file work37.pdb (PDB, C-alpha atoms and all ligand atoms)
ATOM      1  CA  MET A   1      66.833  65.397 102.969
ATOM      2  CA  SER A   2      65.877  67.305  99.821
ATOM      3  CA  ALA A   3      63.119  69.928  99.812
ATOM      4  CA  PRO A   4      59.647  68.654  98.812
ATOM      5  CA  ALA A   5      58.887  69.130  95.136
ATOM      6  CA  SER A   6      55.933  71.199  94.009
ATOM      7  CA  ALA A   7      53.341  68.987  92.323
ATOM      8  CA  ALA A   8      52.776  71.578  89.588
ATOM      9  CA  THR A   9      56.336  72.283  88.547
ATOM     10  CA  GLY A  10      58.382  69.441  89.906
ATOM     11  CA  ARG A  11      60.684  71.999  91.464
ATOM     12  CA  PRO A  12      61.605  72.454  95.121
ATOM     13  CA  ARG A  13      59.391  74.892  97.054
ATOM     14  CA  ILE A  14      61.829  77.671  97.818
ATOM     15  CA  GLY A  15      60.377  81.137  98.382
ATOM     16  CA  ALA A  16      63.481  83.106  97.545
ATOM     17  CA  ARG A  17      64.222  83.751  93.886
ATOM     18  CA  THR A  18      67.728  82.520  94.516
ATOM     19  CA  LEU A  19      69.917  81.541  97.433
ATOM     20  CA  ARG A  20      73.022  82.720  95.619
ATOM     21  CA  ASP A  21      74.728  85.678  97.256
ATOM     22  CA  ASP A  22      77.429  86.295  94.618
ATOM     23  CA  ARG A  23      77.080  88.777  91.771
ATOM     24  CA  TRP A  24      75.322  86.239  89.510
ATOM     25  CA  TRP A  25      73.739  89.049  87.473
ATOM     26  CA  LEU A  26      77.098  90.324  86.216
ATOM     27  CA  PRO A  27      77.729  87.762  83.388
ATOM     28  CA  PRO A  28      74.228  88.095  81.856
ATOM     29  CA  LEU A  29      74.470  91.886  82.082
ATOM     30  CA  ALA A  30      77.899  91.912  80.401
ATOM     31  CA  THR A  31      76.590  89.543  77.709
ATOM     32  CA  PHE A  32      73.561  91.764  77.113
ATOM     33  CA  LEU A  33      75.714  94.886  76.735
ATOM     34  CA  GLY A  34      78.251  93.131  74.488
ATOM     35  CA  LEU A  35      75.656  91.667  72.143
ATOM     36  CA  MET A  36      73.677  94.913  72.027
ATOM     37  CA  ALA A  37      76.823  96.867  71.126
ATOM     38  CA  PHE A  38      77.422  94.477  68.226
ATOM     39  CA  VAL A  39      73.801  94.667  67.038
ATOM     40  CA  VAL A  40      73.789  98.484  67.136
ATOM     41  CA  TYR A  41      77.128  98.691  65.308
ATOM     42  CA  GLY A  42      75.936  96.133  62.734
ATOM     43  CA  LEU A  43      72.706  98.042  62.060
ATOM     44  CA  ILE A  44      74.466 101.387  61.692
ATOM     45  CA  ARG A  45      77.097  99.880  59.435
ATOM     46  CA  THR A  46      74.633  97.983  57.266
ATOM     47  CA  PHE A  47      72.436 100.997  56.577
ATOM     48  CA  MET A  48      75.407 103.351  56.258
ATOM     49  CA  ASN A  49      76.075 101.396  53.042
ATOM     50  CA  ALA A  50      79.365 103.178  52.294
ATOM     51  CA  TRP A  51      83.134 102.951  52.791
ATOM     52  CA  TYR A  52      83.445  99.180  52.624
ATOM     53  CA  TRP A  53      85.903  98.775  49.739
ATOM     54  CA  VAL A  54      89.518  99.957  49.441
ATOM     55  CA  PRO A  55      90.480  99.271  45.789
ATOM     56  CA  GLU A  56      94.186 100.142  46.266
ATOM     57  CA  HIS A  57      94.683  97.103  48.513
ATOM     58  CA  ASN A  58      91.547  95.004  47.874
ATOM     59  CA  TYR A  59      90.254  95.471  51.419
ATOM     60  CA  LEU A  60      86.608  94.462  51.633
ATOM     61  CA  ALA A  61      84.789  95.052  54.930
ATOM     62  CA  PRO A  62      83.523  91.711  56.324
ATOM     63  CA  PHE A  63      80.006  93.073  56.854
ATOM     64  CA  PHE A  64      79.749  93.538  53.079
ATOM     65  CA  SER A  65      81.251  90.227  52.023
ATOM     66  CA  PRO A  66      80.289  88.689  49.714
ATOM     67  CA  CYS A  67      78.867  91.791  48.022
ATOM     68  CA  LEU A  68      76.168  90.273  45.821
ATOM     69  CA  SER A  69      73.939  93.227  44.911
ATOM     70  CA  ALA A  70      73.937  95.528  41.901
ATOM     71  CA  ALA A  71      74.202  98.326  44.489
ATOM     72  CA  CYS A  72      77.768  97.254  45.391
ATOM     73  CA  VAL A  73      80.523  99.660  44.444
ATOM     74  CA  PRO A  74      82.648  98.670  41.414
ATOM     75  CA  GLY A  75      85.319  96.075  42.248
ATOM     76  CA  ALA A  76      83.728  94.888  45.497
ATOM     77  CA  SER A  77      81.700  92.034  43.997
ATOM     78  CA  HIS A  78      84.078  89.096  43.644
ATOM     79  CA  PHE A  79      81.275  86.604  43.071
ATOM     80  CA  GLY A  80      78.972  88.518  40.753
ATOM     81  CA  GLN A  81      75.866  90.595  41.449
ATOM     82  CA  PRO A  82      72.903  88.195  41.267
ATOM     83  CA  PHE A  83      70.637  90.522  43.291
ATOM     84  CA  PRO A  84      69.214  93.834  42.034
ATOM     85  CA  ASP A  85      69.693  97.242  43.624
ATOM     86  CA  LEU A  86      66.587  97.552  45.805
ATOM     87  CA  GLY A  87      67.331 100.977  47.257
ATOM     88  CA  TRP A  88      68.576 102.186  50.618
ATOM     89  CA  LEU A  89      66.159  99.992  52.573
ATOM     90  CA  VAL A  90      67.853  96.847  51.233
ATOM     91  CA  PRO A  91      71.623  97.451  51.342
ATOM     92  CA  PRO A  92      73.971  94.673  50.078
ATOM     93  CA  PRO A  93      74.587  92.968  53.484
ATOM     94  CA  ILE A  94      70.870  92.143  53.745
ATOM     95  CA  PHE A  95      71.317  89.325  51.217
ATOM     96  CA  VAL A  96      73.988  87.550  53.295
ATOM     97  CA  LEU A  97      73.234  88.581  56.893
ATOM     98  CA  PRO A  98      70.329  86.129  57.419
ATOM     99  CA  PHE A  99      72.722  83.209  56.902
ATOM    100  CA  VAL A 100      75.566  84.632  58.982
ATOM    101  CA  LEU A 101      73.205  85.703  61.764
ATOM    102  CA  GLY A 102      71.337  82.397  61.516
ATOM    103  CA  PHE A 103      74.561  80.555  62.303
ATOM    104  CA  ARG A 104      75.306  82.746  65.328
ATOM    105  CA  LEU A 105      71.731  82.906  66.596
ATOM    106  CA  THR A 106      71.317  79.115  66.552
ATOM    107  CA  CYS A 107      74.810  78.469  67.975
ATOM    108  CA  TYR A 108      74.663  76.441  71.195
ATOM    109  CA  TYR A 109      76.802  78.970  73.040
ATOM    110  CA  TYR A 110      74.893  82.055  71.861
ATOM    111  CA  ARG A 111      71.609  80.341  72.697
ATOM    112  CA  LYS A 112      72.722  79.966  76.282
ATOM    113  CA  ALA A 113      74.020  83.537  76.253
ATOM    114  CA  TYR A 114      70.888  85.256  74.987
ATOM    115  CA  TYR A 115      68.401  82.975  76.728
ATOM    116  CA  ARG A 116      70.046  84.116  79.960
ATOM    117  CA  SER A 117      70.808  87.744  79.201
ATOM    118  CA  PHE A 118      67.785  88.749  77.081
ATOM    119  CA  TRP A 119      65.002  86.399  78.223
ATOM    120  CA  ALA A 120      66.191  85.602  81.745
ATOM    121  CA  SER A 121      65.303  81.981  81.051
ATOM    122  CA  PRO A 122      66.931  81.396  83.465
ATOM    123  CA  PRO A 123      69.191  84.400  84.142
ATOM    124  CA  ALA A 124      71.817  82.214  85.827
ATOM    125  CA  CYS A 125      72.333  78.814  87.420
ATOM    126  CA  ALA A 126      70.161  78.348  90.516
ATOM    127  CA  VAL A 127      68.244  81.598  89.887
ATOM    128  CA  SER A 128      64.569  81.091  89.114
ATOM    129  CA  GLU A 129      63.192  82.565  85.953
ATOM    130  CA  PRO A 130      60.276  85.004  85.794
ATOM    131  CA  HIS A 131      58.385  82.918  83.210
ATOM    132  CA  SER A 132      55.649  80.625  84.477
ATOM    133  CA  ARG A 133      55.867  78.117  81.614
ATOM    134  CA  TYR A 134      58.837  76.373  80.096
ATOM    135  CA  THR A 135      58.600  74.439  76.854
ATOM    136  CA  GLY A 136      62.278  74.422  75.955
ATOM    137  CA  GLU A 137      63.006  74.163  72.259
ATOM    138  CA  THR A 138      60.240  71.700  71.535
ATOM    139  CA  ARG A 139      57.849  73.981  69.648
ATOM    140  CA  PHE A 140      57.768  76.846  67.169
ATOM    141  CA  PRO A 141      59.689  79.119  66.924
ATOM    142  CA  LEU A 142      62.507  77.695  69.059
ATOM    143  CA  ILE A 143      62.299  74.290  67.408
ATOM    144  CA  LEU A 144      63.923  76.026  64.430
ATOM    145  CA  GLN A 145      67.136  76.083  66.484
ATOM    146  CA  ASN A 146      67.569  72.541  65.152
ATOM    147  CA  ALA A 147      68.506  74.087  61.798
ATOM    148  CA  HIS A 148      71.901  74.956  63.260
ATOM    149  CA  ARG A 149      73.681  72.096  61.487
ATOM    150  CA  TYR A 150      72.512  73.475  58.108
ATOM    151  CA  PHE A 151      73.681  76.976  58.974
ATOM    152  CA  PHE A 152      77.035  75.376  59.750
ATOM    153  CA  TYR A 153      77.448  74.377  56.095
ATOM    154  CA  VAL A 154      76.655  77.940  54.955
ATOM    155  CA  ALA A 155      79.085  79.309  57.552
ATOM    156  CA  MET A 156      81.833  77.162  56.020
ATOM    157  CA  LEU A 157      81.052  78.760  52.674
ATOM    158  CA  VAL A 158      81.166  82.271  54.146
ATOM    159  CA  ALA A 159      84.494  81.491  55.857
ATOM    160  CA  ALA A 160      85.829  80.331  52.473
ATOM    161  CA  VAL A 161      84.666  83.602  50.888
ATOM    162  CA  LEU A 162      86.389  85.649  53.611
ATOM    163  CA  THR A 163      89.522  83.558  53.072
ATOM    164  CA  TYR A 164      89.444  84.594  49.421
ATOM    165  CA  ASP A 165      88.994  88.247  50.494
ATOM    166  CA  THR A 166      92.049  87.890  52.721
ATOM    167  CA  VAL A 167      94.234  86.330  50.029
ATOM    168  CA  ILE A 168      93.520  89.121  47.549
ATOM    169  CA  ALA A 169      94.166  91.705  50.299
ATOM    170  CA  PHE A 170      97.881  90.956  49.870
ATOM    171  CA  LYS A 171      97.897  93.621  47.185
ATOM    172  CA  GLY A 172     100.735  96.100  47.161
ATOM    173  CA  THR A 173     100.649  99.787  46.307
ATOM    174  CA  ASP A 174     102.179  99.094  42.861
ATOM    175  CA  GLY A 175      99.662  96.337  42.135
ATOM    176  CA  GLY A 176     102.049  93.490  43.096
ATOM    177  CA  VAL A 177     102.221  91.690  46.430
ATOM    178  CA  GLY A 178     102.126  93.826  49.558
ATOM    179  CA  ILE A 179     101.212  93.723  53.231
ATOM    180  CA  GLY A 180      99.546  96.441  55.222
ATOM    181  CA  LEU A 181      98.076  96.571  58.701
ATOM    182  CA  GLY A 182      94.708  95.860  57.088
ATOM    183  CA  THR A 183      96.058  92.637  55.551
ATOM    184  CA  LEU A 184      97.282  91.434  58.943
ATOM    185  CA  LEU A 185      93.986  92.290  60.621
ATOM    186  CA  MET A 186      92.110  90.379  57.929
ATOM    187  CA  VAL A 187      94.381  87.337  58.471
ATOM    188  CA  VAL A 188      93.689  87.400  62.211
ATOM    189  CA  ASN A 189      89.976  87.829  61.592
ATOM    190  CA  VAL A 190      89.628  84.982  59.126
ATOM    191  CA  SER A 191      91.707  82.702  61.385
ATOM    192  CA  LEU A 192      89.371  83.410  64.298
ATOM    193  CA  LEU A 193      86.341  82.863  62.068
ATOM    194  CA  TRP A 194      87.646  79.481  60.941
ATOM    195  CA  ALA A 195      88.492  78.518  64.521
ATOM    196  CA  TYR A 196      84.995  79.508  65.677
ATOM    197  CA  THR A 197      83.311  77.698  62.768
ATOM    198  CA  LEU A 198      85.349  74.504  63.192
ATOM    199  CA  SER A 199      84.803  74.518  66.953
ATOM    200  CA  CYS A 200      81.042  74.236  66.331
ATOM    201  CA  HIS A 201      79.290  71.363  68.106
ATOM    202  CA  SER A 202      77.727  70.313  64.790
ATOM    203  CA  CYS A 203      81.191  70.100  63.233
ATOM    204  CA  ARG A 204      82.418  67.971  66.141
ATOM    205  CA  HIS A 205      79.486  65.624  65.677
ATOM    206  CA  LEU A 206      79.997  65.531  61.918
ATOM    207  CA  ILE A 207      83.633  64.515  62.373
ATOM    208  CA  GLY A 208      83.396  62.075  65.264
ATOM    209  CA  GLY A 209      79.722  61.340  65.846
ATOM    210  CA  ARG A 210      77.886  58.060  65.186
ATOM    211  CA  LEU A 211      81.061  55.995  65.348
ATOM    212  CA  THR A 212      81.015  52.800  67.353
ATOM    213  CA  HIS A 213      84.763  52.241  67.297
ATOM    214  CA  PHE A 214      87.184  55.130  67.129
ATOM    215  CA  SER A 215      89.960  52.562  66.700
ATOM    216  CA  ARG A 216      88.615  51.717  63.246
ATOM    217  CA  HIS A 217      88.625  55.375  62.140
ATOM    218  CA  PRO A 218      92.021  56.765  63.154
ATOM    219  CA  VAL A 219      91.856  59.828  60.867
ATOM    220  CA  ARG A 220      88.420  60.849  62.076
ATOM    221  CA  TYR A 221      89.494  60.203  65.642
ATOM    222  CA  TRP A 222      92.551  62.436  65.200
ATOM    223  CA  LEU A 223      90.418  65.186  63.647
ATOM    224  CA  TRP A 224      87.829  64.756  66.407
ATOM    225  CA  THR A 225      90.464  65.319  69.114
ATOM    226  CA  LYS A 226      91.541  68.572  67.393
ATOM    227  CA  ILE A 227      87.962  69.761  66.927
ATOM    228  CA  SER A 228      87.211  68.825  70.545
ATOM    229  CA  TRP A 229      90.146  70.965  71.689
ATOM    230  CA  LEU A 230      88.708  73.914  69.766
ATOM    231  CA  ASN A 231      85.206  73.061  70.961
ATOM    232  CA  GLY A 232      86.352  73.452  74.568
ATOM    233  CA  ARG A 233      87.146  77.075  73.703
ATOM    234  CA  HIS A 234      83.931  77.732  71.775
ATOM    235  CA  MET A 235      82.748  80.611  73.958
ATOM    236  CA  LEU A 236      86.099  82.365  73.721
ATOM    237  CA  LEU A 237      86.142  81.900  69.949
ATOM    238  CA  ALA A 238      82.530  83.079  69.637
ATOM    239  CA  TRP A 239      83.391  86.366  71.322
ATOM    240  CA  SER A 240      86.834  86.918  69.812
ATOM    241  CA  SER A 241      85.573  86.303  66.265
ATOM    242  CA  LEU A 242      82.585  88.586  66.859
ATOM    243  CA  VAL A 243      84.839  91.390  68.083
ATOM    244  CA  SER A 244      87.377  90.859  65.293
ATOM    245  CA  VAL A 245      84.687  91.055  62.589
ATOM    246  CA  ALA A 246      83.504  94.389  63.969
ATOM    247  CA  LEU A 247      87.046  95.757  64.399
ATOM    248  CA  VAL A 248      88.180  94.796  60.884
ATOM    249  CA  ASP A 249      84.979  96.240  59.483
ATOM    250  CA  LEU A 250      85.628  99.474  61.384
ATOM    251  CA  TYR A 251      89.244  99.554  60.201
ATOM    252  CA  VAL A 252      88.264  99.136  56.528
ATOM    253  CA  MET A 253      85.627 101.843  56.961
ATOM    254  CA  LEU A 254      88.203 104.266  58.382
ATOM    255  CA  VAL A 255      90.689 103.551  55.578
ATOM    256  CA  ALA A 256      88.041 103.648  52.831
ATOM    257  CA  SER A 257      86.663 106.957  54.088
ATOM    258  CA  GLY A 258      90.141 108.501  54.194
ATOM    259  CA  ALA A 259      89.975 109.051  57.972
ATOM    260  CA  ILE A 260      93.238 107.075  58.437
ATOM    261  CA  ALA A 261      95.966 105.757  56.153
ATOM    262  CA  ASP A 262      96.794 102.059  56.045
ATOM    263  CA  PRO A 263     100.342 101.610  57.462
ATOM    264  CA  ARG A 264     102.307  99.499  54.982
ATOM    265  CA  LEU A 265     104.759  96.899  56.218
ATOM    266  CA  PHE A 266     105.769  95.905  52.735
ATOM    267  CA  ASN A 267     105.011  97.629  49.415
TER     268      ASN A 267
HETATM  269 FE1  LIG A 301      78.265  77.394  68.189
HETATM  270 FE2  LIG A 301      77.783  75.605  66.214
HETATM  271  S1  LIG A 301      77.515  75.402  68.323
HETATM  272  S2  LIG A 301      78.629  77.611  66.094
END

call {"tool": "encode", "arguments": {"input": "work37.pdb", "output": "structure tokens"}}
result
Amino acid sequence: MSAPASAATGRPRIGARTLRDDRWWLPPLATFLGLMAFVVYGLIRTFMNAWYWVPEHNYLAPFFSPCLSAACVPGASHFGQPFPDLGWLVPPPIFVLPFVLGFRLTCYYYRKAYYRSFWASPPACAVSEPHSRYTGETRFPLILQNAHRYFFYVAMLVAAVLTYDTVIAFKGTDGGVGIGLGTLLMVVNVSLLWAYTLSCHSCRHLIGGRLTHFSRHPVRYWLWTKISWLNGRHMLLAWSSLVSVALVDLYVMLVASGAIADPRLFN
């Protein structure tokens, strides 16, 4: 027989915060530390506002792409400079970050991750949360999470921009075609970013949602099976693309600053 439900909350009356005796707190703690490390790195890098462009090989750090401000160093703005130089408080990434962050922050996986690790709402399955009220995502500000599908379209655009950055990074020392370690890292990074973007739940719905008969839409069905395969790995892709963005950014910074040389595989 199940435990009697509390009239106020509809939940079973169990005194203990949880009956779990495993280390349930480990995943939210690891998530908290991982996301905080990325946020701290991102803030430092954004306001450092330097060493993001290697003209010899067209390496542009992903944190600064696209570089749309008049403050961008010469050669780094592949899509013009529509925004003015607003000083050190508004470095170039500020114009793009809201869209990139908006996509990640409203992502279904990241929502689960930071609701658990930052707000403890709830911290884990079968562990009660410290908050007395729960309104889900039905009111402001969390109702804005519904904008995720629109951020998805912008994320596609950003992935296309980073693809362009990667193509032009095949620039050799003599100005012709060449491949360096940086080129390879950028290829891996943009591949992970595309995989993460295409594995989005909104993308899966866009491709295969609202269909009554898959049999009448064989192409969409085929695409839907591929997207679904990626979607099953969404958490892995969310983390691997996050780490790869930071690592490629760090690599470009080290090369641009002269701290390391870019090993060349070809030209
Ligand atoms: Fe994660 Fe869309 S659900 S990116």

call {"tool": "resolve_selection", "arguments": {"input": "work37.pdb", "expression": "the PyMOL selection byres (((not hetatm)) within 12 of (chain A and resi 301))", "output": "ChimeraX atom specification"}}
result
/A:100-113,145-156,193-206,227-228,230-239,241-242

call {"tool": "atom_distance", "arguments": {"input": "work37.pdb", "atom1": "CA of Tyr59 in chain A", "atom2": "CA of Phe38 in chain A"}}
result
21.2 Å

call {"tool": "residues_around", "arguments": {"input": "work37.pdb", "residues": "Pro123 in chain A", "least_positions_apart": "3", "cutoff": "10 Å", "atoms": "all atoms listed in the file", "output": "list in words"}}
result
Trp24, Trp25, Pro27, Pro28, Leu29, Lys112, Ala113, Tyr114, Tyr115, Arg116, Ser117, Phe118, Trp119, Ala120, Ala126, Val127, Ser128, Glu129 and Pro130 of chain A

call {"tool": "residues_around", "arguments": {"input": "work37.pdb", "residues": "range 60-74 of chain A", "least_positions_apart": "2", "cutoff": "7 Å", "atoms": "all atoms listed in the file", "output": "JSON, numbers by chain"}}
result
{"A": [52, 53, 54, 58, 76, 77, 79, 80, 81, 82, 83, 84, 85, 92, 93, 161, 165, 245, 248, 249, 252]}

call {"tool": "residues_around", "arguments": {"input": "work37.pdb", "residues": "Trp88 in chain A", "least_positions_apart": "3", "cutoff": "8 Å", "atoms": "only C-alpha atoms", "output": "PyMOL selection string"}}
result
chain A and resi 47+49+91

call {"tool": "atom_distance", "arguments": {"input": "work37.pdb", "atom1": "CA of Arg20 in chain A", "atom2": "CA of Phe32 in chain A"}}
result
20.6 Å

call {"tool": "closest_residue", "arguments": {"input": "work37.pdb", "among": "A:Val219, A:Val190, A:Leu19, A:Leu181", "to": "Ala124 in chain A", "atoms": "only C-alpha atoms"}}
result
A:Leu19

call {"tool": "atom_distance", "arguments": {"input": "work37.pdb", "atom1": "CA of Ser244 in chain A", "atom2": "CA of Ile44 in chain A"}}
result
17.0 Å

call {"tool": "closest_residue", "arguments": {"input": "work37.pdb", "among": "A:Gly178, A:Met48, A:Val158, A:Gly42", "to": "Leu89 in chain A", "atoms": "only C-alpha atoms"}}
result
A:Met48

call {"tool": "closest_residue", "arguments": {"input": "work37.pdb", "among": "A:Leu185, A:Ser215, A:Ser191, A:Gly208", "to": "Ala160 in chain A", "atoms": "only C-alpha atoms"}}
result
A:Ser191
